[in-house]
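Undergrad: Here's a structure for you.
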2 protein chains.
Amino acid sequence: MEVAALVAEARLGRPRAVARLLSLVENAVSSPERAGTLREAMAELATGTREPYTARVIGLTGAPGVGKSTTTGMLIQAFRARGSRVGVLAVDPSSPFTGGALLGDRVRMQEHATDPEVFIRSMASRGHLGGLAWATPQALRVLDAAGCDVILIETVGVGQAEVDVARLADTTLVLLAPGMGDGVQAAKAGILEVADVFVVNKADREGVQATVRELRNMVALVEAPWRPPIVTTVAAKGEGADDLLAALDKHAAHLKGSGELHFRRLARARDEIEAIVLARLRSRLADPQEDRLASLAERLLAGGLDPYSAADDLIAALN
Amino acid sequence: MEVAALVAEARLGRPRAVARLLSLVENAVSSPERAGTLREAMAELATGTREPYTARVIGLTGAPGVGKSTTTGMLIQAFRARGSRVGVLAVDPSSPFTGGALLGDRVRMQEHATDPEVFIRSMASRGHLGGLAWATPQALRVLDAAGCDVILIETVGVGQAEVDVARLADTTLVLLAPGMGDGVQAAKAGILEVADVFVVNKADREGVQATVRELRNMVALVEAPWRPPIVTTVAAKGEGADDLLAALDKHAAHLKGSGELHFRRLARARDEIEAIVLARLRSRLADPQEDRLASLAERLLAGGLDPYSAADDLIAALN
């Protein structure tokens, strides 16, 4: 299908067209040479009448085992009950494989798989182009153009992934579960900075009070205008969905009221451009300079050369 | 102190000099303008008589709560018992703060804090220069020059951090604990690719057999020449240390015998140069082009402009 026709169909929310555009993004991650069509599609998407960045973007992050997929499933259901069109990106920053990596988890979202108003996509973001930061904004752009009211981004992993997701989302949910041992403690450093809402899932388990208390003590130290609320859920049973939606809506209102929404989306647009620029600069390092880089690496290994002088040499060759 | 004198003292293994050089690395992450002294130090380090990349580099990764710090502590003790000089880098890729972020966990390593043959450093790797990939190789360079026989890199977080650590290390340990729920399943995608040795810690807990079985089934599918062994430990009690050391030694012998060691270190050297080059290219985007980038981001937000055309504009301005 021609790109213009593909984009037109995606705008109408036709699942197959949306899926094909998302595949263009994903394929470009592992094969930059295929990025040409994607580029065309992005130019075509920019000609739409719907304002970009219309969809609410909600990020979900947390350690493996806290129930991110189940919570995503619960949120899909809750937003569908409101009549929203929902996009879901499940991003696995460690996987170099396409699509299937997270299929096991996706099973829990199967009940929504046949709903034409729900687009679910597992994306492997690792590749030559700089990972999550490169691919996800472009996938968001596709889902946004397809008329999604809400886009949920679920990511595997804590640490860098947590921060990256927070930069992509309007609102970031940080999920925890009781009895994760050192979970709260270990995650503390990065967690407070990125969390807009805390979710303590599996709240029917022992230790939930202790986890909530620990979080409350952390949150009490926050001096910013928005102090992250703590919501308890049992996503597997759909418990706590209303509280969670209420917290999300409250944060959305805060974002609009404070002007923070524009600020965050501007940062996202900036990151999106920067990621494309950096991927392009990096590709200049790869192909024509590959031999030079390899021989500099050999010299570094042998000793006598320092890494900064090696970098100077390469930059001089680039210019 | 003058840089040459500082490096000379670090080469003698003087803890204060080593700490100061590590601080130079860490400070440069958040304040690139201070990178000048670091650069001098790196040039001076390259003049040493000890071959670079002499230290064995062992990475430890795994979800929060599996006992990474405790296992690191056990390994420090085991290597010290052999008379090795040991360096430890605890890297927190999500934390923008200096030093103290992981202090809570580091308490478990306190017993080694006064041992002059052990250098322990918590490093926040987030910053303007590209994170873990920029800072850690340079910190390794310092510890290597300081005569460490073994360097342990412990990282918070799974996902991207897992992969990044694997690229920095000769040998990567992936830690799990029984009863982590979906831990193995969720981590599967990235885990097999990076693990050289699996450690099932907290092996006195229920469910250890199930976790080991699950791992064994995964490992059975590996067709590479090295099939990751699975070691069970109770690091808090020091149980399993001998088995773990034996597995590490076996992998070290495999790396040497197969030529894989050279290959991995070459990739590390290559990454090290590339990270410095990319940080420099990125800094060209920041300062003089900041206004242009900001206004392109505004236009992207307003609609009508696509991100690739925005990137073109910026690249044209760079050249």
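Every chain in the structure tokens has a letter given in the order shown (A, B, ...), and although residue numbers restart at 1 in each chain, ligands are simply numbered from 1 in the order shown.
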Just want the 12 Å neighbourhood of B:Arg299, counted on only C-alpha atoms, with same-chain residues fewer than 2 positions away dropped. Output as a JSON list (two decimals) with N, CA, C and O atoms, in the first residue's frame.
TA:
```
[["chain", "number", "residue", "atom", "x", "y", "z"],
["A", 46, "ALA", "N", 2.36, 14.23, 9.72],
["A", 46, "ALA", "CA", 2.41, 15.62, 10.18],
["A", 46, "ALA", "C", 1.43, 16.52, 9.42],
["A", 46, "ALA", "O", 1.19, 17.66, 9.82],
["A", 51, "GLU", "N", -4.64, 17.72, 16.03],
["A", 51, "GLU", "CA", -3.42, 18.24, 16.66],
["A", 51, "GLU", "C", -2.56, 17.10, 17.17],
["A", 51, "GLU", "O", -3.08, 16.14, 17.73],
["A", 52, "PRO", "N", -1.23, 17.19, 17.01],
["A", 52, "PRO", "CA", -0.39, 16.15, 17.59],
["A", 52, "PRO", "C", -0.44, 16.28, 19.12],
["A", 52, "PRO", "O", -0.87, 17.31, 19.64],
["A", 265, "ARG", "N", 5.59, 18.12, 27.40],
["A", 265, "ARG", "CA", 5.47, 17.71, 26.01],
["A", 265, "ARG", "C", 6.52, 18.39, 25.13],
["A", 265, "ARG", "O", 7.00, 17.83, 24.16],
["A", 266, "LEU", "N", 6.90, 19.57, 25.54],
["A", 266, "LEU", "CA", 7.97, 20.26, 24.84],
["A", 266, "LEU", "C", 9.28, 19.49, 25.02],
["A", 266, "LEU", "O", 10.04, 19.30, 24.06],
["A", 269, "ALA", "N", 9.15, 16.51, 22.75],
["A", 269, "ALA", "CA", 9.41, 16.85, 21.35],
["A", 269, "ALA", "C", 10.91, 17.09, 21.13],
["A", 269, "ALA", "O", 11.49, 16.65, 20.13],
["A", 270, "ARG", "N", 11.50, 17.75, 22.09],
["A", 270, "ARG", "CA", 12.93, 18.03, 22.02],
["A", 270, "ARG", "C", 13.72, 16.72, 22.01],
["A", 270, "ARG", "O", 14.62, 16.53, 21.19],
["A", 273, "ILE", "N", 13.46, 14.88, 18.61],
["A", 273, "ILE", "CA", 14.36, 15.41, 17.57],
["A", 273, "ILE", "C", 15.80, 15.00, 17.88],
["A", 273, "ILE", "O", 16.53, 14.51, 17.01],
["B", 292, "ARG", "N", 17.70, 26.83, 18.78],
["B", 292, "ARG", "CA", 17.13, 26.26, 17.58],
["B", 292, "ARG", "C", 16.34, 24.99, 17.91],
["B", 292, "ARG", "O", 15.22, 24.79, 17.43],
["B", 293, "LEU", "N", 16.94, 24.15, 18.76],
["B", 293, "LEU", "CA", 16.27, 22.91, 19.15],
["B", 293, "LEU", "C", 14.96, 23.22, 19.87],
["B", 293, "LEU", "O", 13.92, 22.60, 19.60],
["B", 294, "ALA", "N", 14.99, 24.19, 20.76],
["B", 294, "ALA", "CA", 13.77, 24.55, 21.50],
["B", 294, "ALA", "C", 12.68, 25.04, 20.56],
["B", 294, "ALA", "O", 11.51, 24.67, 20.71],
["B", 295, "SER", "N", 13.06, 25.83, 19.55],
["B", 295, "SER", "CA", 12.01, 26.35, 18.67],
["B", 295, "SER", "C", 11.49, 25.27, 17.73],
["B", 295, "SER", "O", 10.32, 25.25, 17.36],
["B", 296, "LEU", "N", 12.37, 24.33, 17.35],
["B", 296, "LEU", "CA", 11.90, 23.19, 16.56],
["B", 296, "LEU", "C", 10.93, 22.34, 17.37],
["B", 296, "LEU", "O", 9.92, 21.85, 16.85],
["B", 297, "ALA", "N", 11.23, 22.18, 18.65],
["B", 297, "ALA", "CA", 10.34, 21.39, 19.51],
["B", 297, "ALA", "C", 8.97, 22.07, 19.61],
["B", 297, "ALA", "O", 7.93, 21.40, 19.56],
["B", 301, "LEU", "N", 5.37, 20.46, 18.39],
["B", 301, "LEU", "CA", 4.22, 20.42, 19.29],
["B", 301, "LEU", "C", 3.00, 21.07, 18.63],
["B", 301, "LEU", "O", 1.87, 20.61, 18.79],
["B", 302, "ALA", "N", 3.25, 22.10, 17.88],
["B", 302, "ALA", "CA", 2.14, 22.83, 17.26],
["B", 302, "ALA", "C", 1.56, 22.06, 16.07],
["B", 302, "ALA", "O", 0.42, 22.29, 15.68],
["B", 303, "GLY", "N", 2.35, 21.14, 15.53],
["B", 303, "GLY", "CA", 1.87, 20.35, 14.39],
["B", 303, "GLY", "C", 2.34, 20.93, 13.07],
["B", 303, "GLY", "O", 2.74, 22.09, 12.98],
["B", 304, "GLY", "N", 2.31, 20.09, 12.01],
["B", 304, "GLY", "CA", 2.72, 20.55, 10.70],
["B", 304, "GLY", "C", 4.16, 20.23, 10.36],
["B", 304, "GLY", "O", 4.51, 20.08, 9.21],
["B", 305, "LEU", "N", 4.99, 20.12, 11.39],
["B", 305, "LEU", "CA", 6.40, 19.73, 11.17],
["B", 305, "LEU", "C", 6.56, 18.27, 11.61],
["B", 305, "LEU", "O", 5.97, 17.85, 12.59],
["B", 306, "ASP", "N", 7.35, 17.50, 10.84],
["B", 306, "ASP", "CA", 7.61, 16.13, 11.29],
["B", 306, "ASP", "C", 9.02, 16.06, 11.90],
["B", 306, "ASP", "O", 9.87, 16.89, 11.61],
["B", 307, "PRO", "N", 9.25, 15.06, 12.76],
["B", 307, "PRO", "CA", 10.52, 15.03, 13.51],
["B", 307, "PRO", "C", 11.75, 14.87, 12.63],
["B", 307, "PRO", "O", 12.83, 15.35, 12.99],
["B", 309, "SER", "N", 12.21, 16.09, 9.55],
["B", 309, "SER", "CA", 12.55, 17.39, 8.97],
["B", 309, "SER", "C", 13.18, 18.29, 10.03],
["B", 309, "SER", "O", 14.10, 19.06, 9.74],
["B", 310, "ALA", "N", 12.67, 18.18, 11.26],
["B", 310, "ALA", "CA", 13.27, 18.95, 12.35],
["B", 310, "ALA", "C", 14.73, 18.54, 12.55],
["B", 310, "ALA", "O", 15.62, 19.39, 12.72]]
```
Undergrad: What is the atom CA of B:Arg167-atom CA of B:Arg82 distance in Å, reported with one decimal?
TA: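 Atom CA of B:Arg167 sits 26.5 Å away from atom CA of B:Arg82.
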Undergrad: Using only C-alpha atoms, which residues sit within 8 Å of B:Glu272 once same-chain residues fewer than 5 positions away are excluded, as a list of chain:residue names?
TA: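 Using only C-alpha atoms, the neighbours found are A:Pro307, B:Ala133, B:Trp134, B:Pro137, B:Gln138.
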Undergrad: Can you pull out the residues contacting B:Val86? Cut-off 7 Å, using only C-alpha atoms, and skip same-chain residues under 3 positions away; I want them as a PDB file with N, CA, C and O atoms, in the first residue's frame.
TA:
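Result file is selection10.pdb:
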```pdb
ATOM      1  N   ILE B  76      33.666 -10.180  47.468  1.00  0.00           N
ATOM      2  CA  ILE B  76      34.818  -9.409  47.958  1.00  0.00           C
ATOM      3  C   ILE B  76      35.619 -10.291  48.915  1.00  0.00           C
ATOM      4  O   ILE B  76      36.837 -10.448  48.792  1.00  0.00           O
ATOM      5  N   GLU B 117      42.997  -2.899  50.694  1.00  0.00           N
ATOM      6  CA  GLU B 117      43.068  -3.619  49.418  1.00  0.00           C
ATOM      7  C   GLU B 117      41.706  -3.720  48.732  1.00  0.00           C
ATOM      8  O   GLU B 117      41.526  -4.482  47.792  1.00  0.00           O
ATOM      9  N   VAL B 118      40.715  -2.998  49.290  1.00  0.00           N
ATOM     10  CA  VAL B 118      39.378  -3.007  48.695  1.00  0.00           C
ATOM     11  C   VAL B 118      38.942  -1.569  48.423  1.00  0.00           C
ATOM     12  O   VAL B 118      38.957  -0.731  49.328  1.00  0.00           O
ATOM     13  N   PHE B 119      38.606  -1.263  47.182  1.00  0.00           N
ATOM     14  CA  PHE B 119      38.098   0.064  46.831  1.00  0.00           C
ATOM     15  C   PHE B 119      36.624  -0.060  46.473  1.00  0.00           C
ATOM     16  O   PHE B 119      36.280  -0.734  45.509  1.00  0.00           O
ATOM     17  N   CYS B 148      44.014  -3.242  40.805  1.00  0.00           N
ATOM     18  CA  CYS B 148      42.983  -4.215  41.187  1.00  0.00           C
ATOM     19  C   CYS B 148      43.134  -5.485  40.346  1.00  0.00           C
ATOM     20  O   CYS B 148      43.360  -5.416  39.140  1.00  0.00           O
ATOM     21  N   ASP B 149      43.001  -6.624  41.001  1.00  0.00           N
ATOM     22  CA  ASP B 149      43.012  -7.889  40.274  1.00  0.00           C
ATOM     23  C   ASP B 149      41.618  -8.220  39.767  1.00  0.00           C
ATOM     24  O   ASP B 149      41.462  -8.863  38.742  1.00  0.00           O
ATOM     25  N   VAL B 150      40.647  -7.792  40.548  1.00  0.00           N
ATOM     26  CA  VAL B 150      39.247  -8.060  40.215  1.00  0.00           C
ATOM     27  C   VAL B 150      38.465  -6.774  40.403  1.00  0.00           C
ATOM     28  O   VAL B 150      38.687  -6.043  41.369  1.00  0.00           O
ATOM     29  N   ILE B 151      37.563  -6.490  39.471  1.00  0.00           N
ATOM     30  CA  ILE B 151      36.645  -5.369  39.670  1.00  0.00           C
ATOM     31  C   ILE B 151      35.221  -5.889  39.537  1.00  0.00           C
ATOM     32  O   ILE B 151      34.871  -6.528  38.539  1.00  0.00           O
TER      33      ILE B 151
END
```
Undergrad: At what distance in Å, to one decimal, does atom CA of B:Gly179 lie from atom CA of B:Asp196?
TA: 22.1 Å
Undergrad: Stretch 49-100 of chain A: which residues are helix (DSSP H, G or I) by DSSP, as a PyMOL selection string?
TA: chain A and resi 68-81+100
Undergrad: Using N, CA, C and O atoms, can you write the selected residues to a file as a PDB file, in the first residue's frame?
TA:
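Contents of the output file again-v6.pdb:
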```
ATOM      1  N   LYS A  68       2.687  -5.295  36.300  1.00  0.00           N
ATOM      2  CA  LYS A  68       2.510  -4.187  35.348  1.00  0.00           C
ATOM      3  C   LYS A  68       1.495  -4.544  34.259  1.00  0.00           C
ATOM      4  O   LYS A  68       0.632  -3.743  33.928  1.00  0.00           O
ATOM      5  N   SER A  69       1.632  -5.749  33.709  1.00  0.00           N
ATOM      6  CA  SER A  69       0.721  -6.129  32.618  1.00  0.00           C
ATOM      7  C   SER A  69      -0.710  -6.211  33.111  1.00  0.00           C
ATOM      8  O   SER A  69      -1.640  -5.772  32.427  1.00  0.00           O
ATOM      9  N   THR A  70      -0.892  -6.780  34.292  1.00  0.00           N
ATOM     10  CA  THR A  70      -2.239  -6.907  34.846  1.00  0.00           C
ATOM     11  C   THR A  70      -2.829  -5.521  35.107  1.00  0.00           C
ATOM     12  O   THR A  70      -4.008  -5.273  34.838  1.00  0.00           O
ATOM     13  N   THR A  71      -2.024  -4.631  35.613  1.00  0.00           N
ATOM     14  CA  THR A  71      -2.487  -3.269  35.864  1.00  0.00           C
ATOM     15  C   THR A  71      -2.805  -2.564  34.541  1.00  0.00           C
ATOM     16  O   THR A  71      -3.802  -1.836  34.445  1.00  0.00           O
ATOM     17  N   THR A  72      -1.967  -2.787  33.544  1.00  0.00           N
ATOM     18  CA  THR A  72      -2.257  -2.225  32.221  1.00  0.00           C
ATOM     19  C   THR A  72      -3.610  -2.739  31.735  1.00  0.00           C
ATOM     20  O   THR A  72      -4.441  -1.963  31.251  1.00  0.00           O
ATOM     21  N   GLY A  73      -3.836  -4.046  31.908  1.00  0.00           N
ATOM     22  CA  GLY A  73      -5.115  -4.638  31.520  1.00  0.00           C
ATOM     23  C   GLY A  73      -6.286  -3.980  32.236  1.00  0.00           C
ATOM     24  O   GLY A  73      -7.319  -3.660  31.632  1.00  0.00           O
ATOM     25  N   MET A  74      -6.108  -3.734  33.535  1.00  0.00           N
ATOM     26  CA  MET A  74      -7.171  -3.098  34.311  1.00  0.00           C
ATOM     27  C   MET A  74      -7.443  -1.676  33.815  1.00  0.00           C
ATOM     28  O   MET A  74      -8.595  -1.242  33.715  1.00  0.00           O
ATOM     29  N   LEU A  75      -6.363  -0.973  33.469  1.00  0.00           N
ATOM     30  CA  LEU A  75      -6.532   0.402  32.978  1.00  0.00           C
ATOM     31  C   LEU A  75      -7.188   0.431  31.601  1.00  0.00           C
ATOM     32  O   LEU A  75      -7.999   1.320  31.316  1.00  0.00           O
ATOM     33  N   ILE A  76      -6.842  -0.533  30.757  1.00  0.00           N
ATOM     34  CA  ILE A  76      -7.487  -0.603  29.443  1.00  0.00           C
ATOM     35  C   ILE A  76      -8.994  -0.693  29.647  1.00  0.00           C
ATOM     36  O   ILE A  76      -9.777   0.069  29.067  1.00  0.00           O
ATOM     37  N   GLN A  77      -9.386  -1.625  30.517  1.00  0.00           N
ATOM     38  CA  GLN A  77     -10.799  -1.849  30.781  1.00  0.00           C
ATOM     39  C   GLN A  77     -11.474  -0.583  31.322  1.00  0.00           C
ATOM     40  O   GLN A  77     -12.552  -0.194  30.864  1.00  0.00           O
ATOM     41  N   ALA A  78     -10.794   0.070  32.260  1.00  0.00           N
ATOM     42  CA  ALA A  78     -11.371   1.267  32.880  1.00  0.00           C
ATOM     43  C   ALA A  78     -11.545   2.386  31.854  1.00  0.00           C
ATOM     44  O   ALA A  78     -12.581   3.064  31.820  1.00  0.00           O
ATOM     45  N   PHE A  79     -10.551   2.580  30.999  1.00  0.00           N
ATOM     46  CA  PHE A  79     -10.665   3.652  29.999  1.00  0.00           C
ATOM     47  C   PHE A  79     -11.662   3.281  28.908  1.00  0.00           C
ATOM     48  O   PHE A  79     -12.366   4.141  28.385  1.00  0.00           O
ATOM     49  N   ARG A  80     -11.744   1.985  28.576  1.00  0.00           N
ATOM     50  CA  ARG A  80     -12.736   1.557  27.599  1.00  0.00           C
ATOM     51  C   ARG A  80     -14.148   1.793  28.110  1.00  0.00           C
ATOM     52  O   ARG A  80     -15.046   2.160  27.352  1.00  0.00           O
ATOM     53  N   ALA A  81     -14.336   1.594  29.417  1.00  0.00           N
ATOM     54  CA  ALA A  81     -15.661   1.802  30.022  1.00  0.00           C
ATOM     55  C   ALA A  81     -16.102   3.261  29.877  1.00  0.00           C
ATOM     56  O   ALA A  81     -17.290   3.572  29.887  1.00  0.00           O
ATOM     57  N   GLY A 100       7.747 -10.637  19.551  1.00  0.00           N
ATOM     58  CA  GLY A 100       7.308 -11.734  20.389  1.00  0.00           C
ATOM     59  C   GLY A 100       7.834 -11.777  21.812  1.00  0.00           C
ATOM     60  O   GLY A 100       7.305 -12.497  22.646  1.00  0.00           O
TER      61      GLY A 100
END
```
Undergrad: In Å, with one decimal, what is the gap from atom CA of A:Arg268 to atom CA of A:Tyr53?
TA: 9.9 Å
